[in-house]
Amino acid sequence: MTPGSNIPLSAARVTVDVTAPVRLDVSGLLLTADGKVRSDDDFIFYNQPTGQGVTYRSGGGSAPDAITVDTSAVPPGIEKIVVTASPDAAGQSFQGIEPTATIRNADDNSVLATFTPPQLGAETALVIVEVYLRGGAWKARAVGQGYANGLAGIATDFGVTVEEPAPAAPPAQPAAPQRSHAATPPPAAAPTMPAAPPAPPAAPPAPAPGSGKINLDKGRVSLQKNQTVSLVKGGRPVLSQVKMGLGWEPAFRGKDIDLDASVIAFGPQRNHIDSCYFGKLSIVNGAIKHSGDNLTGEGGGDDEVIVVDLGRLPQEVSGLVFTVNSFSGQKFTEVAKAYCRLIDAASGEELVRFDLTGAEAQTGVMMAKLIRQYSGEWEMTAMGDFVKSRTVRGMVKPAAKAL
């Protein structure tokens, strides 16, 4: 299988095991239609090996850990079971490790499919495959989405309670018991995910200036280049239909600036699905619409607006990159006050804004990207990356690389 591909399941009971050159911890989460667990009981792992229709099996070090899904026993309201994997060694990433998930018929052990996620690096945990219900039939999909903050990051994304690290104990106090891979199974009385282990001594590379993720809990957000905002408030998505407004002004009075705003839609494998621009004002069955071309850059407010109905976007659309191009060949050194802003289409409230503070003598710029997270939430990242291209067609390849 390749990332994003799926197969119908020919067996009611399937087992997913994950192998790698190192010992892995494999877990399963039962998710509702909103991409969240109902409670911590829906997180199936070594400390809680049994759930409704889903069980965990330890390989004991000599065989891979596995998750078995009995689709006939999955409770109503559960539409997806995700299978995750992480290296057992604290802080170890998947750099140089190629895990392979094997989906088997749990009754006769026959192989239904295999999947090896490509291009792994700093990830310390993966959502590797999912077993999901679609149109009354169960299927399996290859995912391969990585997390840099370990299994605790995955658990938190899907609504599992993650214990905070406890304060340092006095010397006389016994240390808390640690997980053991011995044959004796660990107690199953811990419904919550143990706190993530401390970071390894070697510090990761420093993030780019302005990087880091925030949310909308405190209201309107002004982004810096490379900064990301999660489009959620109070832990829940707050948006359905949004508008991306893009604006600019001539750097020199009396000189018109004819720029073109566009959005490029991509699939989970960075595959180009379609582009929306002045020559194609509606794509993906009307879920993305363009306001039309502004030939001068004059006038107050947004010069061009792209409306995105996040709720109507098909599942195969997982990334959107918003671009601005100068078809006439004018460079961005001739442009002043270029910006993009995300607006709640229902209320008209400005939620996120990014002002382009630098300029290069190029004819294209990638302003921002919206990425659908595996949990179903969307994140917006400010980009401000310049490209030598006068049309949206020339932006497709650099935009794909930037996802």
# chains A, B, ... in the order shown; residues from 1 in each chain; ligands from 1

$ residues_around --residues "segment 212-222 of chain A" --least-positions-apart "3" --cutoff "7 Å" --atoms "only C-alpha atoms" --output "compact mmCIF listing (two decimals) with C-alpha atoms, in the first residue's frame"
# COMPACT_ATOMS: atom_id res chain seq x y z
CA GLN A 227 4.28 30.24 12.71
CA THR A 228 1.28 27.92 12.87
CA VAL A 229 -2.17 28.34 14.40
CA SER A 230 -4.57 25.48 15.06
CA LEU A 231 -8.08 26.46 13.94
CA VAL A 232 -9.69 25.28 17.16
CA LYS A 233 -11.06 27.07 20.20
CA GLY A 234 -11.60 25.44 23.55
CA GLU A 350 -10.97 38.20 11.31
CA LEU A 351 -9.34 35.20 12.96
CA VAL A 352 -5.79 35.05 11.63
CA ARG A 353 -3.61 37.62 9.84
CA PHE A 354 -0.16 37.44 8.26

$ residues_around --residues "Cys276 of chain A" --least-positions-apart "3" --cutoff "12 Å" --atoms "only C-alpha atoms" --output "short mmCIF file (atom, residue, chain, number, x, y, z; two decimals) with C-alpha atoms, in the first residue's frame"
data_model
loop_
_atom_site.label_atom_id
_atom_site.label_comp_id
_atom_site.auth_asym_id
_atom_site.auth_seq_id
_atom_site.Cartn_x
_atom_site.Cartn_y
_atom_site.Cartn_z
CA ASP A 260 -3.39 37.14 -8.98
CA ALA A 261 -4.38 35.24 -5.84
CA SER A 262 -4.86 31.49 -6.11
CA VAL A 263 -5.19 28.38 -3.99
CA ILE A 264 -3.76 24.98 -4.87
CA ALA A 265 -5.44 21.86 -3.47
CA PHE A 266 -3.34 18.77 -2.69
CA HIS A 272 -2.03 18.08 -7.15
CA ILE A 273 -5.82 17.87 -7.18
CA GLY A 279 -9.42 31.59 -14.76
CA LYS A 280 -11.14 28.85 -12.75
CA LEU A 281 -13.32 30.41 -10.08
CA SER A 282 -14.72 27.21 -8.56
CA ILE A 283 -13.14 23.81 -7.84
CA VAL A 284 -13.88 20.59 -5.91
CA ASN A 285 -17.64 20.80 -6.53
CA GLY A 286 -17.88 24.39 -5.32
CA ALA A 287 -16.20 23.84 -1.94
CA ILE A 288 -13.56 26.40 -3.00
CA LYS A 289 -14.56 29.59 -4.82
CA HIS A 290 -12.62 32.64 -6.05
CA SER A 291 -13.95 36.23 -6.01
CA GLY A 292 -12.43 37.15 -9.38
CA ASP A 293 -9.47 39.18 -10.61
CA VAL A 305 -11.02 36.63 -1.68
CA ILE A 306 -11.06 32.84 -1.79
CA VAL A 307 -13.92 31.13 0.05
CA VAL A 308 -13.24 27.64 1.42
CA LEU A 320 -4.28 24.02 0.57
CA VAL A 321 -1.52 26.46 -0.40
CA PHE A 322 -2.50 30.11 -1.03
CA THR A 323 -0.31 31.92 -3.54
CA VAL A 324 -0.01 35.34 -5.20
CA THR A 391 1.32 31.89 -12.91
CA VAL A 392 -0.23 29.47 -10.45
CA ARG A 393 0.84 26.60 -12.73
CA VAL A 396 2.37 23.69 -7.97
#

$ closest_residue --among "A:Tyr277, A:Trp378, A:Phe332, A:Tyr132" --to "Leu310 of chain A" --atoms "only C-alpha atoms"
A:Trp378

$ residues_around --residues "segment 49-65 of chain A" --least-positions-apart "5" --cutoff "6 Å" --atoms "only C-alpha atoms" --output "JSON list (two decimals) with C-alpha atoms, in the first residue's frame"
[["chain", "number", "residue", "atom", "x", "y", "z"],
["A", 17, "ASP", "CA", 1.19, -5.88, 13.54],
["A", 18, "VAL", "CA", 4.09, -3.49, 13.08],
["A", 19, "THR", "CA", 7.70, -4.63, 12.69],
["A", 26, "VAL", "CA", 1.82, -0.50, 19.16],
["A", 44, "ILE", "CA", -5.90, 0.35, 23.84],
["A", 70, "ASP", "CA", -13.24, -7.39, 15.49],
["A", 73, "ALA", "CA", -17.94, -6.18, 17.95],
["A", 74, "VAL", "CA", -17.04, -2.50, 17.45]]

$ closest_residue --among "A:Gly35, A:Gly384, A:Gly28, A:Pro87" --to "Gln48 of chain A" --atoms "only C-alpha atoms"
A:Gly28
